[in-house]
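Working notes, beginning with the structure itself.
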Amino acid sequence: MPGFELFGDKERKEVQDVMDSGVLMRYGFDGMRKGHWKTQELEAGLSQRMKTKYAHAVSSGTAALTVALASAGIGAGDEVIMPTFTFVASFESILALGAVPVLVNIDDTLTLDPDAVEKAITPNTKVVMPVHMCGSMANLEALKAICDKYGLLLLEDACQAIGGSYKGKPLGSIGDLGCFSFDYVKTITCGEGGAVITNNKSYYENAHKYSDHGHDHIGNNRGAEEHPFLGYNFRISEMNAAVGVAQLARLDEFLAIQKRNYTVLREALSSIPEVLFRTVPQGGEENYSFLNFFLPTEDLAQKAQQALSDTGVDACFYWYNNNWHYYKKWEHLTEMKSLGKLPKDVQESMPDYSKTDFSQSDKWMSRNISCLIKLGWSEDDVAARASTMVEGIKSVL
Ligand SMILES: *Cc1c(COP(=O)(O)O)cnc(C)c1O
């Protein structure tokens, strides 16, 4: 997955353009910038690649989620349905707005289970937020049907899945809003950065204003803007956007390498009857940033992961025990350990996660191993890795 592995001359050139003018901000300073508008270039490239009308770059993927929610008017007391397996940014962005994160079970796609989503809907539900973990998606058709039925927004967290698609559409472009992260370990990186994509003009304009202090950006004279509503600063810098311009141009190159490496490993593991691959919904194509599979039991999955790590196979994760990605290790959320007081709506409406039954999520996550696909591997590296993995897994069966 990590684009940083292939950081090179193209990235250096784009950054050098910004260094040469010294204009590190995305807005204004027209006379000094020597024609360089890297953030705008990144946004134009993204909306073209994702086939959406609009793209707005921000300072991180977490910022993108917050800005996307805010742009659609999500606020205090609104409930946002999110999966038990994701990154902590999901609930951070929701809580930042005083909204309530409602955790819901995943299924064998490793993302939101549509049946569980429908059961979790209350009169306060406003958004369904599927997270395309490790490069693949939920049954988006089913989720969209649920959103249409109940009048909810579909917000795709595609931070880990840029370049994947569903029924011919780029991931992120299927819901009302889609979000990407370009942090240092994502498929393409800006160092730090993120983006919101949408076809909705009003969400786009709101996102633009909200992420720059509520400035309305009308007219050339920065400083004379109106402030139609309150905002914050979630701006990306030109330096970061410049790296993104180079990396986005290389996205298809990265995806092709990921697919090649993924395919070699998957074909090798297919020879083991006990290995069951993650379900990819019909019509979906992963971005091949991870290879995910299940073993028959929790015990075997743990032993297999240990065997892989003992034989030097790095970057194969057992997320069930991981404190970034699975609800079991999120005590700060479940015990509501906030530095300051949380909004009343959150205190009153947050589900009691110590009592919630997530055994369906546990069933899949406890058996899952998730292997990062790197860009820098040579063909020999991948072949050697494939046979070591097969031996390692077989040794515990
Ligand atoms: C990385 C990530 C984010 C947050 O992105 P940052 O740029 O690190 O803030 C959000 N959601 C998921 C699924 C991610 O993997």
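In the structure tokens, chains take letters A, B, ... by order of appearance, with residues numbered from 1 within each chain and ligands from 1 in the order shown.
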
Inset, instruction - Please report, as a ChimeraX atom specification, each residue of region 169-373 of chain A to which DSSP assigns strand (DSSP E or B) when run on this structure's backbone. - result: /A:169-170,177-181,183,191,194-198,212,233,276-277,284-285,290-294,316-317,326,368-372

Legend entry - Exercise answer, 10 Å around ligand 1 with only C-alpha atoms and all ligand atoms, as a VMD selection string: chain A and resid 58 to 65 85 to 93 130 to 135 156 to 161 179 to 186 189 to 195 324 to 325

Legend entry - Exercise: Leu103 (chain A) partners within 9 Å, only C-alpha atoms, chain neighbours under 2 positions left out, as a PyMOL selection string: chain A and resi 80-84+91+101+105+120+327+351+353

Sorted by chain and rising residue number, list the residues of region 39-156 of chain A at most 12 Å from region 203-207 of chain A (counting only C-alpha atoms), each with its closest atom pair and distance in Å to one decimal, as a tab-separated table.
residue	atom	partner	partner_atom	distance
A:Glu43	CA	A:Tyr204	CA	11.7
A:Ser47	CA	A:Tyr204	CA	11.7
A:Thr52	CA	A:Tyr204	CA	10.9
A:Lys53	CA	A:Tyr204	CA	9.2
A:Tyr54	CA	A:Tyr204	CA	6.5
A:Ala55	CA	A:Tyr204	CA	7.4
A:His56	CA	A:Tyr204	CA	7.1
A:Ala57	CA	A:Ala207	CA	9.5
A:Val58	CA	A:Ala207	CA	9.3
A:Ala63	CA	A:Ala207	CA	10.5
A:Ala64	CA	A:Ala207	CA	8.9
A:Leu65	CA	A:Ala207	CA	10.4
A:Thr66	CA	A:Ala207	CA	9.5
A:Val67	CA	A:Ala207	CA	5.7
A:Ala68	CA	A:Ala207	CA	6.5
A:Leu69	CA	A:Ala207	CA	9.0
A:Ala70	CA	A:Ala207	CA	7.4
A:Ser71	CA	A:Asn206	CA	4.9
A:Ala72	CA	A:Tyr203	CA	5.8
A:Gly73	CA	A:Tyr203	CA	8.8
A:Ile74	CA	A:Tyr203	CA	11.3
A:Leu153	CA	A:Tyr203	CA	11.8
A:Leu155	CA	A:Tyr203	CA	11.9

Keeping only C-alpha atoms, write the selected residues to a file as a PDB file, in the first residue's frame.
ATOM      1  CA  GLU A  43      -8.149  18.554  -6.725  1.00  0.00           C
ATOM      2  CA  SER A  47     -12.146  14.746  -9.463  1.00  0.00           C
ATOM      3  CA  THR A  52     -16.946  13.268  -9.494  1.00  0.00           C
ATOM      4  CA  LYS A  53     -17.820  16.897 -10.106  1.00  0.00           C
ATOM      5  CA  TYR A  54     -15.884  18.124  -7.095  1.00  0.00           C
ATOM      6  CA  ALA A  55     -12.846  17.343  -4.975  1.00  0.00           C
ATOM      7  CA  HIS A  56     -11.633  19.374  -2.029  1.00  0.00           C
ATOM      8  CA  ALA A  57      -8.226  18.684  -0.476  1.00  0.00           C
ATOM      9  CA  VAL A  58      -7.689  19.074   3.275  1.00  0.00           C
ATOM     10  CA  ALA A  63     -10.072  16.183   8.574  1.00  0.00           C
ATOM     11  CA  ALA A  64     -11.729  14.966   5.364  1.00  0.00           C
ATOM     12  CA  LEU A  65     -14.221  12.888   7.366  1.00  0.00           C
ATOM     13  CA  THR A  66     -14.979  15.772   9.740  1.00  0.00           C
ATOM     14  CA  VAL A  67     -15.333  18.255   6.888  1.00  0.00           C
ATOM     15  CA  ALA A  68     -17.515  15.863   4.870  1.00  0.00           C
ATOM     16  CA  LEU A  69     -19.880  15.328   7.811  1.00  0.00           C
ATOM     17  CA  ALA A  70     -19.968  19.042   8.595  1.00  0.00           C
ATOM     18  CA  SER A  71     -20.585  19.951   4.945  1.00  0.00           C
ATOM     19  CA  ALA A  72     -23.769  17.894   5.007  1.00  0.00           C
ATOM     20  CA  GLY A  73     -24.933  19.604   8.190  1.00  0.00           C
ATOM     21  CA  ILE A  74     -24.208  16.796  10.643  1.00  0.00           C
ATOM     22  CA  LEU A 153     -26.548   9.956   3.777  1.00  0.00           C
ATOM     23  CA  LEU A 155     -20.473   8.615   3.323  1.00  0.00           C
TER      24      LEU A 155
END

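Distance-wise, CA of Asp9 (chain A) and CA of Arg26 (chain A) end up 22.5 Å apart.
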
Inset, instruction - Determine which residues of region 15-111 of chain A receive a DSSP assignment of alpha helix (DSSP H), computed from the backbone, and state them as an MDAnalysis selection string. - result: chainID A and resid 15:21 38:50 61:71 89:96

Legend entry - Between CA of Thr334 (chain A) and CA of Ser354 (chain A) - distance in Å to one decimal: 7.0 Å

Legend entry - Shortest interatomic distance to Gln48 (chain A) - which of A:Ala96, A:Met32, A:Met239, A:Ala249, counting only C-alpha atoms: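 Closest to Gln48 (chain A) of all the choices is A:Ala249.
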